[in-house]
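Student: My questions all concern the structure below.
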Amino acid sequence: VAAVSPMLRLTHGVAILADTMNLDMAAGRLIILAVLLVALSALLLSAAGIYALMSITITRRRREIGIRSALGGQPRRLLASILSRATGQIAIGIVIGVGLSGLTDRAMDGWMMHGQGTYLLPGVAALMTAVGLVAAIGPARRALRIQPTEALKAE
């Protein structure tokens, strides 16, 4: 600046462009990390919620599961019966979530997903389906270990 105009005074903080760019990139990385942590915590909370919901459902259906098992119900069919409710709830959640995401992205003129919604939304839906089913399998397998005599005596 002194070489161009010796009379020009700089009163504000002067910084090199590369330093400013590095600060901006570090702030961007910090924001991405924060969003990633929030997304992972939401994923874990949804898995914990599905697990808890399935545990409560199985506890309430303990007698029914015991009777089905006593009458010779195959474990595969019992497992399918138990997981069908979880699958339905997961499907409803995914349909609502994908619908709201698509509407929000459309309202924002594609700013949210930058035109990648056709790849991003099915990917997220598949991930949530997998997480939901993995969370539901634990309580469902525990239900298969219910002894018919204990289930009938408990009531």
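Within each chain, counting starts at residue 1; across the structure tokens, chains are named A, B, ... in the order shown, with ligands numbered 1 upward in that order.
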Among the residues of chain A, find those DSSP assigns to helix (DSSP H, G or I) from the backbone and print them as an NGL selection string.
Tutor: :A and (17-60 or 62-70 or 75-107 or 117-144 or 148-154)
Student: At a cut-off of 12 Å, using only C-alpha atoms, what residues contact Leu121 in chain A? Leave out same-chain residues fewer than 2 positions from it and give the result as a count of residues only.
Tutor: 24
Student: What separation in Å, quoted to one decimal, exists between CA of Ala86 in chain A and CA of Ala136 in chain A?
Tutor: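 Straight-line distance from CA of Ala86 in chain A to CA of Ala136 in chain A works out to 6.7 Å.
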Student: What separation in Å, quoted to one decimal, exists between CA of Ile90 in chain A and CA of Arg61 in chain A?
Tutor: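 Here the two named atoms are 19.5 Å from each other.
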Student: Report, in Å with one decimal, the straight-line distance from CA of Gly88 in chain A to CA of Val35 in chain A.
Tutor: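 CA of Gly88 in chain A sits 28.6 Å away from CA of Val35 in chain A.
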Student: If we count only C-alpha atoms, what is near Ile82 in chain A at a cut-off of 9 Å, once residues fewer than 6 positions away on the same chain are taken out, given as a list of chain:residue names?
Tutor: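 Near neighbours after the sequence-gap exclusion: A:Met54, A:Thr57, A:Ile58, A:Ala136, A:Ala140, A:Ala143.
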Student: Pick from A:Ile146, A:Ile137, A:Leu10, A:Ile16: nearest to Arg68 in chain A, with only C-alpha atoms counted?
Tutor: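 The closest residue to Arg68 in chain A is A:Ile146.
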Student: Using only C-alpha atoms, which residue out of A:Val131, A:Leu78, A:Gln89, A:Met25 lies closest to Arg62 in chain A?
Tutor: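 For Arg62 in chain A, the nearest of the given residues is A:Leu78.
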Student: Extract, using only C-alpha atoms, all DNA, RNA and protein residues at most 12 Å from Gly66 in chain A, discarding same-chain residues fewer than 3 positions from it, and format them as a PyMOL selection string.
Tutor: chain A and resi 58-63+69-75+78+143-155
Student: Those same residues, written as a JSON list (two decimals), in the first residue's frame with N, CA and C atoms?
Tutor:
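Written out: out.json:
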```
[["chain", "number", "residue", "atom", "x", "y", "z"],
["A", 58, "ILE", "N", -43.02, -55.72, 23.08],
["A", 58, "ILE", "CA", -42.80, -57.15, 23.36],
["A", 58, "ILE", "C", -43.22, -57.49, 24.78],
["A", 59, "THR", "N", -42.98, -56.61, 25.70],
["A", 59, "THR", "CA", -43.41, -56.85, 27.08],
["A", 59, "THR", "C", -44.93, -56.94, 27.15],
["A", 60, "ARG", "N", -45.62, -56.10, 26.41],
["A", 60, "ARG", "CA", -47.09, -56.14, 26.39],
["A", 60, "ARG", "C", -47.62, -57.37, 25.66],
["A", 61, "ARG", "N", -46.90, -57.84, 24.68],
["A", 61, "ARG", "CA", -47.34, -59.00, 23.89],
["A", 61, "ARG", "C", -46.75, -60.31, 24.39],
["A", 62, "ARG", "N", -46.17, -60.29, 25.56],
["A", 62, "ARG", "CA", -45.48, -61.47, 26.10],
["A", 62, "ARG", "C", -46.40, -62.69, 26.13],
["A", 63, "ARG", "N", -47.61, -62.51, 26.60],
["A", 63, "ARG", "CA", -48.54, -63.64, 26.70],
["A", 63, "ARG", "C", -48.89, -64.17, 25.31],
["A", 69, "SER", "N", -46.02, -69.55, 20.68],
["A", 69, "SER", "CA", -44.90, -70.49, 20.78],
["A", 69, "SER", "C", -45.37, -71.84, 21.31],
["A", 70, "ALA", "N", -46.28, -71.84, 22.28],
["A", 70, "ALA", "CA", -46.79, -73.08, 22.85],
["A", 70, "ALA", "C", -47.61, -73.86, 21.82],
["A", 71, "LEU", "N", -48.27, -73.14, 20.92],
["A", 71, "LEU", "CA", -49.07, -73.81, 19.91],
["A", 71, "LEU", "C", -48.24, -74.26, 18.70],
["A", 72, "GLY", "N", -46.94, -74.10, 18.80],
["A", 72, "GLY", "CA", -46.06, -74.58, 17.73],
["A", 72, "GLY", "C", -45.70, -73.55, 16.69],
["A", 73, "GLY", "N", -45.82, -72.30, 17.05],
["A", 73, "GLY", "CA", -45.45, -71.24, 16.10],
["A", 73, "GLY", "C", -43.96, -71.30, 15.77],
["A", 74, "GLN", "N", -43.65, -71.21, 14.51],
["A", 74, "GLN", "CA", -42.26, -71.24, 14.08],
["A", 74, "GLN", "C", -41.57, -69.94, 14.45],
["A", 75, "PRO", "N", -40.33, -70.03, 14.92],
["A", 75, "PRO", "CA", -39.61, -68.81, 15.31],
["A", 75, "PRO", "C", -39.51, -67.79, 14.18],
["A", 78, "LEU", "N", -42.82, -65.98, 14.03],
["A", 78, "LEU", "CA", -42.96, -65.11, 15.20],
["A", 78, "LEU", "C", -42.09, -63.86, 15.03],
["A", 143, "ALA", "N", -37.68, -61.78, 22.42],
["A", 143, "ALA", "CA", -39.05, -62.30, 22.47],
["A", 143, "ALA", "C", -39.10, -63.77, 22.09],
["A", 144, "LEU", "N", -38.21, -64.19, 21.21],
["A", 144, "LEU", "CA", -38.19, -65.60, 20.80],
["A", 144, "LEU", "C", -37.74, -66.51, 21.94],
["A", 145, "ARG", "N", -37.06, -65.96, 22.93],
["A", 145, "ARG", "CA", -36.60, -66.78, 24.06],
["A", 145, "ARG", "C", -37.63, -66.88, 25.18],
["A", 146, "ILE", "N", -38.80, -66.28, 24.98],
["A", 146, "ILE", "CA", -39.85, -66.35, 26.00],
["A", 146, "ILE", "C", -40.34, -67.79, 26.09],
["A", 147, "GLN", "N", -40.31, -68.33, 27.28],
["A", 147, "GLN", "CA", -40.81, -69.68, 27.50],
["A", 147, "GLN", "C", -42.33, -69.61, 27.64],
["A", 148, "PRO", "N", -43.06, -70.48, 26.94],
["A", 148, "PRO", "CA", -44.53, -70.43, 27.00],
["A", 148, "PRO", "C", -45.07, -70.59, 28.41],
["A", 149, "THR", "N", -44.48, -71.45, 29.20],
["A", 149, "THR", "CA", -45.02, -71.68, 30.57],
["A", 149, "THR", "C", -44.82, -70.45, 31.43],
["A", 150, "GLU", "N", -43.68, -69.77, 31.28],
["A", 150, "GLU", "CA", -43.44, -68.58, 32.07],
["A", 150, "GLU", "C", -44.37, -67.44, 31.65],
["A", 151, "ALA", "N", -44.61, -67.32, 30.35],
["A", 151, "ALA", "CA", -45.50, -66.27, 29.86],
["A", 151, "ALA", "C", -46.93, -66.47, 30.34],
["A", 152, "LEU", "N", -47.37, -67.72, 30.40],
["A", 152, "LEU", "CA", -48.73, -68.00, 30.84],
["A", 152, "LEU", "C", -48.86, -67.86, 32.35],
["A", 153, "LYS", "N", -47.83, -68.18, 33.11],
["A", 153, "LYS", "CA", -47.86, -68.06, 34.57],
["A", 153, "LYS", "C", -47.80, -66.60, 35.01],
["A", 154, "ALA", "N", -47.13, -65.76, 34.24],
["A", 154, "ALA", "CA", -46.94, -64.37, 34.62],
["A", 154, "ALA", "C", -48.24, -63.60, 34.72],
["A", 155, "GLU", "N", -49.22, -63.98, 33.96],
["A", 155, "GLU", "CA", -50.49, -63.23, 33.96],
["A", 155, "GLU", "C", -51.35, -63.73, 35.06]]
```
